[in-house]
>>> print(open('final_16.cif').read())   # mmCIF, C-alpha atoms and all ligand atoms
data_data
loop_
_atom_site.label_atom_id
_atom_site.label_comp_id
_atom_site.auth_asym_id
_atom_site.auth_seq_id
_atom_site.Cartn_x
_atom_site.Cartn_y
_atom_site.Cartn_z
CA MET A 3 -18.15 2.39 -9.66
CA SER A 4 -17.38 6.10 -9.66
CA ASP A 5 -15.69 7.94 -12.50
CA PHE A 6 -13.71 10.21 -10.22
CA PRO A 7 -10.07 10.66 -11.26
CA VAL A 8 -7.84 7.88 -9.94
CA ILE A 9 -4.15 7.05 -10.40
CA THR A 10 -3.18 3.58 -9.22
CA ILE A 11 0.39 2.88 -8.15
CA ASP A 12 1.06 -0.81 -7.56
CA GLY A 13 4.23 -2.79 -7.05
CA PRO A 14 6.21 -4.95 -4.63
CA SER A 15 7.48 -3.72 -1.27
CA GLY A 16 10.30 -1.23 -1.48
CA SER A 17 9.53 -0.25 -5.06
CA GLY A 18 8.88 3.31 -3.92
CA LYS A 19 5.09 3.22 -4.22
CA GLY A 20 4.40 4.88 -0.89
CA THR A 21 6.88 7.72 -1.37
CA ILE A 22 5.86 8.40 -4.97
CA SER A 23 2.12 8.18 -4.21
CA LEU A 24 2.41 10.70 -1.38
CA ILE A 25 4.40 13.18 -3.49
CA ILE A 26 2.04 12.90 -6.46
CA ALA A 27 -1.05 13.22 -4.25
CA ASN A 28 0.37 16.35 -2.56
CA LYS A 29 1.40 17.83 -5.90
CA LEU A 30 -2.04 17.36 -7.42
CA GLY A 31 -3.96 18.14 -4.23
CA TRP A 32 -5.55 14.67 -4.45
CA ASP A 33 -6.31 12.24 -1.62
CA MET A 34 -4.19 9.18 -1.08
CA LEU A 35 -5.14 5.61 -0.22
CA ASP A 36 -2.41 3.56 1.45
CA SER A 37 -4.15 0.20 1.04
CA GLY A 38 -1.23 -1.69 2.59
CA ALA A 39 -1.94 0.14 5.85
CA LEU A 40 -5.44 -1.40 5.91
CA TYR A 41 -4.00 -4.93 5.63
CA ARG A 42 -1.38 -4.07 8.25
CA LEU A 43 -4.15 -2.79 10.56
CA VAL A 44 -6.25 -5.92 10.10
CA ALA A 45 -3.23 -8.12 10.89
CA PHE A 46 -2.39 -6.00 13.93
CA GLY A 47 -5.92 -6.16 15.31
CA VAL A 48 -6.32 -9.84 14.53
CA GLU A 49 -3.24 -10.63 16.58
CA LYS A 50 -4.31 -8.32 19.39
CA HIS A 51 -7.71 -10.02 19.64
CA GLY A 52 -6.33 -13.53 19.16
CA ILE A 53 -8.46 -14.22 16.07
CA SER A 54 -7.31 -17.38 14.28
CA LEU A 55 -6.17 -17.10 10.64
CA GLN A 56 -8.27 -20.23 10.04
CA ASP A 57 -11.49 -18.47 11.09
CA GLU A 58 -12.35 -16.70 7.84
CA THR A 59 -15.77 -15.52 9.00
CA LYS A 60 -14.36 -13.77 12.07
CA LEU A 61 -11.47 -12.34 10.04
CA ALA A 62 -13.82 -10.89 7.44
CA ASP A 63 -16.13 -9.46 10.13
CA TYR A 64 -13.16 -7.84 11.82
CA ALA A 65 -11.90 -6.36 8.54
CA ARG A 66 -15.36 -5.06 7.59
CA THR A 67 -15.87 -3.27 10.90
CA LEU A 68 -12.27 -2.12 11.36
CA ASP A 69 -12.31 0.85 13.75
CA VAL A 70 -9.63 3.08 12.25
CA ARG A 71 -8.97 6.82 12.21
CA PHE A 72 -6.41 8.60 10.04
CA GLU A 73 -5.26 12.00 11.30
CA GLN A 74 -2.95 14.47 9.61
CA ALA A 75 -0.16 15.07 12.13
CA LYS A 76 0.71 18.79 12.43
CA GLY A 77 3.88 19.80 10.56
CA SER A 78 4.36 16.35 9.03
CA ASP A 79 3.38 14.59 5.81
CA GLU A 80 2.73 11.45 7.76
CA LEU A 81 -0.77 10.44 8.77
CA ALA A 82 -1.20 9.32 12.35
CA ILE A 83 -3.20 6.07 12.46
CA TYR A 84 -5.42 5.02 15.35
CA LEU A 85 -6.80 1.51 15.65
CA GLU A 86 -9.59 1.23 18.22
CA GLY A 87 -8.30 4.50 19.68
CA GLU A 88 -4.69 3.26 20.01
CA ASP A 89 -1.92 5.07 18.14
CA VAL A 90 -0.42 2.35 15.91
CA THR A 91 1.33 4.67 13.42
CA ARG A 92 4.72 3.10 14.14
CA GLY A 93 3.58 -0.30 15.33
CA ILE A 94 2.14 -1.26 11.95
CA ARG A 95 5.30 -0.25 10.02
CA THR A 96 7.65 -2.97 11.22
CA GLU A 97 8.65 -5.83 8.90
CA LYS A 98 6.90 -8.24 11.27
CA ALA A 99 3.66 -6.28 10.74
CA GLY A 100 4.26 -6.28 6.97
CA ASN A 101 4.68 -10.02 6.95
CA ALA A 102 1.57 -10.55 9.08
CA ALA A 103 -0.31 -8.23 6.68
CA SER A 104 0.84 -10.27 3.71
CA LYS A 105 -0.62 -13.40 5.40
CA VAL A 106 -4.08 -11.94 6.12
CA ALA A 107 -4.05 -10.33 2.66
CA ALA A 108 -3.95 -13.78 1.05
CA ILE A 109 -7.39 -14.59 2.53
CA GLN A 110 -10.10 -13.78 -0.03
CA PRO A 111 -12.92 -12.94 2.47
CA VAL A 112 -10.61 -10.35 4.08
CA ARG A 113 -9.94 -8.77 0.68
CA ASP A 114 -13.68 -8.76 -0.11
CA ALA A 115 -14.42 -7.15 3.25
CA LEU A 116 -11.99 -4.27 2.53
CA LEU A 117 -13.13 -3.61 -1.03
CA ASP A 118 -15.93 -1.10 -0.36
CA ARG A 119 -13.84 0.71 2.23
CA GLN A 120 -11.04 1.17 -0.30
CA ARG A 121 -13.39 2.31 -3.07
CA ALA A 122 -14.97 4.85 -0.71
CA PHE A 123 -11.65 6.72 -0.72
CA SER A 124 -12.34 7.77 -4.31
CA GLN A 125 -13.83 11.28 -4.21
CA ALA A 126 -14.27 14.09 -6.74
CA THR A 127 -10.96 15.64 -5.60
CA GLY A 128 -9.04 12.74 -7.16
CA LEU A 129 -7.23 9.80 -5.58
CA VAL A 130 -3.77 8.27 -5.75
CA ALA A 131 -4.18 4.62 -4.68
CA ASP A 132 -1.10 2.72 -3.53
CA GLY A 133 -1.06 -1.08 -3.22
CA ARG A 134 -0.77 -4.43 -4.97
CA ASP A 135 -4.14 -4.76 -6.73
CA MET A 136 -5.31 -1.15 -7.11
CA GLY A 137 -5.19 -1.33 -10.93
CA THR A 138 -6.37 -4.93 -11.31
CA THR A 139 -9.19 -5.22 -8.75
CA VAL A 140 -10.02 -2.15 -6.68
CA PHE A 141 -9.99 0.56 -9.37
CA PRO A 142 -9.99 -1.33 -12.70
CA SER A 143 -11.20 1.77 -14.58
CA ALA A 144 -8.55 4.16 -13.21
CA GLY A 145 -7.40 6.78 -15.72
CA LEU A 146 -3.71 6.04 -15.13
CA LYS A 147 -2.17 2.82 -13.81
CA ILE A 148 1.48 2.64 -12.84
CA PHE A 149 3.35 -0.52 -11.85
CA LEU A 150 6.64 0.25 -10.10
CA THR A 151 9.42 -2.32 -9.86
CA ALA A 152 13.06 -2.30 -8.77
CA SER A 153 15.64 -5.02 -8.23
CA ALA A 154 15.23 -7.00 -4.99
CA GLU A 155 18.57 -5.71 -3.73
CA GLU A 156 17.70 -2.07 -4.35
CA ARG A 157 14.29 -2.51 -2.71
CA ALA A 158 15.84 -4.07 0.40
CA LYS A 159 18.32 -1.18 0.62
CA ARG A 160 15.54 1.41 0.32
CA ARG A 161 13.42 -0.34 2.91
CA HIS A 162 16.39 -0.55 5.24
CA LYS A 163 16.95 3.20 5.01
CA GLN A 164 13.26 3.95 5.41
CA LEU A 165 12.98 1.81 8.54
CA LYS A 166 16.20 3.28 9.95
CA ASP A 167 14.86 6.81 9.42
CA LYS A 168 11.79 5.78 11.42
CA GLY A 169 14.01 4.48 14.22
CA ILE A 170 13.29 0.83 13.41
CA ASP A 171 16.46 -1.26 13.46
CA VAL A 172 16.70 -4.33 11.22
CA SER A 173 19.62 -6.14 9.57
CA LEU A 174 19.96 -5.84 5.79
CA PRO A 175 20.40 -9.60 5.08
CA ALA A 176 17.32 -10.38 7.21
CA LEU A 177 15.42 -7.76 5.24
CA VAL A 178 16.49 -9.23 1.88
CA SER A 179 15.08 -12.64 2.80
CA GLU A 180 11.91 -11.21 4.37
CA ILE A 181 11.22 -9.14 1.28
CA ALA A 182 11.78 -12.16 -0.98
CA GLU A 183 9.39 -14.24 1.14
CA ARG A 184 6.75 -11.49 1.12
CA ASP A 185 7.09 -10.95 -2.65
CA ALA A 186 6.61 -14.66 -3.27
CA ARG A 187 3.51 -14.81 -1.08
CA ASP A 188 1.99 -11.62 -2.54
CA SER A 189 2.55 -12.64 -6.16
CA GLN A 190 1.72 -16.33 -5.92
CA ARG A 191 -1.52 -16.13 -3.96
CA ALA A 192 -4.81 -16.90 -5.69
CA ALA A 193 -6.62 -13.84 -4.32
CA SER A 194 -5.76 -10.67 -6.28
CA PRO A 195 -2.05 -11.46 -6.66
CA LEU A 196 0.52 -8.74 -7.15
CA LYS A 197 0.72 -8.23 -10.90
CA PRO A 198 0.49 -5.34 -13.33
CA ALA A 199 -2.92 -4.64 -14.84
CA ALA A 200 -2.97 -5.29 -18.60
CA ASP A 201 -3.12 -1.54 -19.21
CA ALA A 202 -0.56 -0.54 -16.56
CA ILE A 203 2.63 1.33 -17.41
CA GLU A 204 5.60 -0.45 -15.87
CA LEU A 205 8.50 1.61 -14.53
CA ASP A 206 11.70 -0.02 -13.33
CA THR A 207 12.96 2.47 -10.76
CA SER A 208 16.21 0.65 -9.83
CA ASP A 209 18.33 3.38 -11.44
CA MET A 210 15.89 6.27 -11.14
CA THR A 211 15.83 8.99 -8.49
CA ILE A 212 12.58 9.82 -6.73
CA ASP A 213 12.44 13.11 -8.69
CA GLU A 214 12.77 11.26 -12.00
CA VAL A 215 9.93 8.89 -11.13
CA VAL A 216 7.74 11.80 -9.99
CA GLU A 217 8.46 13.67 -13.22
CA ARG A 218 7.57 10.64 -15.35
CA VAL A 219 4.30 10.03 -13.48
CA THR A 220 3.45 13.75 -13.64
CA THR A 221 3.95 13.77 -17.42
CA LEU A 222 1.78 10.68 -17.78
CA HIS A 223 -0.88 12.32 -15.61
CA GLN A 224 -0.87 15.43 -17.83
CA GLU A 225 -1.26 13.29 -20.95
CA ARG A 226 -4.06 11.14 -19.50
CA PHE A 227 -6.16 13.68 -17.57
CA LYS A 228 -6.37 16.49 -20.13
O1 LIG B 301 2.45 -1.93 0.97
P1 LIG B 301 2.67 -2.58 2.30
O2 LIG B 301 4.06 -3.12 2.48
O3 LIG B 301 2.25 -1.71 3.44
O4 LIG B 301 1.68 -3.86 2.32
C1 LIG B 301 1.70 -4.83 3.37
C2 LIG B 301 1.14 -6.15 2.85
O5 LIG B 301 -0.25 -6.01 2.58
C3 LIG B 301 1.76 -6.63 1.53
O6 LIG B 301 2.86 -7.49 1.75
C4 LIG B 301 0.63 -7.35 0.85
C5 LIG B 301 -0.63 -6.73 1.41
N1 LIG B 301 -1.30 -5.84 0.47
C6 LIG B 301 -2.15 -6.42 -0.44
O7 LIG B 301 -2.26 -7.64 -0.49
N2 LIG B 301 -2.87 -5.64 -1.28
C7 LIG B 301 -2.74 -4.32 -1.27
N3 LIG B 301 -3.48 -3.59 -2.10
C8 LIG B 301 -1.84 -3.70 -0.37
C9 LIG B 301 -1.12 -4.50 0.48
#
>>> encode(input="final_16.cif", output="structure tokens")
Amino acid sequence: MSDFPVITIDGPSGSGKGTISLIIANKLGWDMLDSGALYRLVAFGVEKHGISLQDETKLADYARTLDVRFEQAKGSDELAIYLEGEDVTRGIRTEKAGNAASKVAAIQPVRDALLDRQRAFSQATGLVADGRDMGTTVFPSAGLKIFLTASAEERAKRRHKQLKDKGIDVSLPALVSEIAERDARDSQRAASPLKPAADAIELDTSDMTIDEVVERVTTLHQERFK
């Protein structure tokens, strides 16, 4: 495994991982890996091609050869994502897609198939890796590992706002139960469950602003990567 600088930011959905990872990556001029997007893409493609969740060989083959392109959209922080040439930037962000991703993500051969692809994101420039198992499995020797949490209620509220801003309408109570279901599946699965690495720094962001979290992570980065 490479010794390029890596910061891992793991945590449950709505903990702020994506937002914080993007800000930190931009601030440092590092690349960013949104590993959840890879699982969302696999789930999206698997449904499109009618591949059964029972057929682990086909699922792993699909994940290994995933035809995806990330493109920096002009004038926006957001990356446009193309799956087999189709723009799925929005399509993969729905709660339905998140839930489907959580199901394919519980299948070990799918995780194995995505491992090399995720590690290949680590380059000399530095990488901020956002996910569930970045610190435990994908980048176990990362120089700084953060585990973000927040109360389930706060996470549902944040997710609700985020989806609304993207023009995706969903009811808050439905979101609360979907998030709880997804959390349970992600943390109770046998394959790389959601949990902090032994050497991760846990931050409960329930009562923190984005700026406060960014400041804390920036200070930790300065201490660790001297
Ligand atoms: O971060 P996200 O909501 O985009 O992730 C979607 C799902 O993908 C999440 O519920 C679990 C799975 N996932 C995973 O198992 N491991 C990761 N490193 C990232 C996401």
>>> residues_near_ligand(input="final_16.cif", ligand="ligand LIG 301 (chain B)", cutoff="9 Å", atoms="all atoms listed in the file", output="number ranges by chain")
A: 12-16, 19-20, 36-42, 94-95, 97, 99-108, 113, 131-136, 139-140, 181, 184-185, 187-189, 193-196
>>> closest_residue(input="final_16.cif", among="A:Glu73, A:Asp5, A:Asp114, A:Asp213", to="Ala126 in chain A", atoms="all atoms listed in the file")
A:Asp5
>>> residues_around(input="final_16.cif", residues="Thr91 in chain A", least_positions_apart="5", cutoff="8 Å", atoms="only C-alpha atoms", output="ChimeraX atom specification")
/A:81-84
>>> closest_residue(input="final_16.cif", among="A:Leu165, A:Leu150, A:Lys50, A:Lys60", to="Glu86 in chain A", atoms="only C-alpha atoms")
A:Lys50
>>> closest_residue(input="final_16.cif", among="A:Ser208, A:Arg71, A:Lys98, A:Trp32", to="Arg157 in chain A", atoms="only C-alpha atoms")
A:Ser208
>>> residues_near_point(input="final_16.cif", point="(14.8, -10.9, 6.8)", cutoff="12 Å", atoms="only C-alpha atoms", output="MDAnalysis selection string")
chainID A and resid 96:98 100:101 158 161:162 171:184
>>> residues_around(input="final_16.cif", residues="Gly145 in chain A", least_positions_apart="4", cutoff="7 Å", atoms="all atoms listed in the file", output="PyMOL selection string")
chain A and resi 7-9+226
>>> atom_distance(input="final_16.cif", atom1="CA of Thr21 in chain A", atom2="CA of Leu68 in chain A")
25.0 Å
>>> atom_distance(input="final_16.cif", atom1="CA of Arg66 in chain A", atom2="CA of Ala115 in chain A")
4.9 Å
>>> atom_distance(input="final_16.cif", atom1="CA of Gln110 in chain A", atom2="CA of Ser54 in chain A")
15.0 Å
>>> closest_residue(input="final_16.cif", among="A:Lys197, A:Arg119, A:Arg92, A:Lys76", to="Lys147 in chain A", atoms="only C-alpha atoms")
A:Lys197
>>> closest_residue(input="final_16.cif", among="A:Leu117, A:Leu129, A:Leu24, A:Val70", to="Thr10 in chain A", atoms="all atoms listed in the file")
A:Leu129
>>> closest_residue(input="final_16.cif", among="A:Phe149, A:Arg191, A:Leu30, A:Asp57", to="Asp206 in chain A", atoms="all atoms listed in the file")
A:Phe149
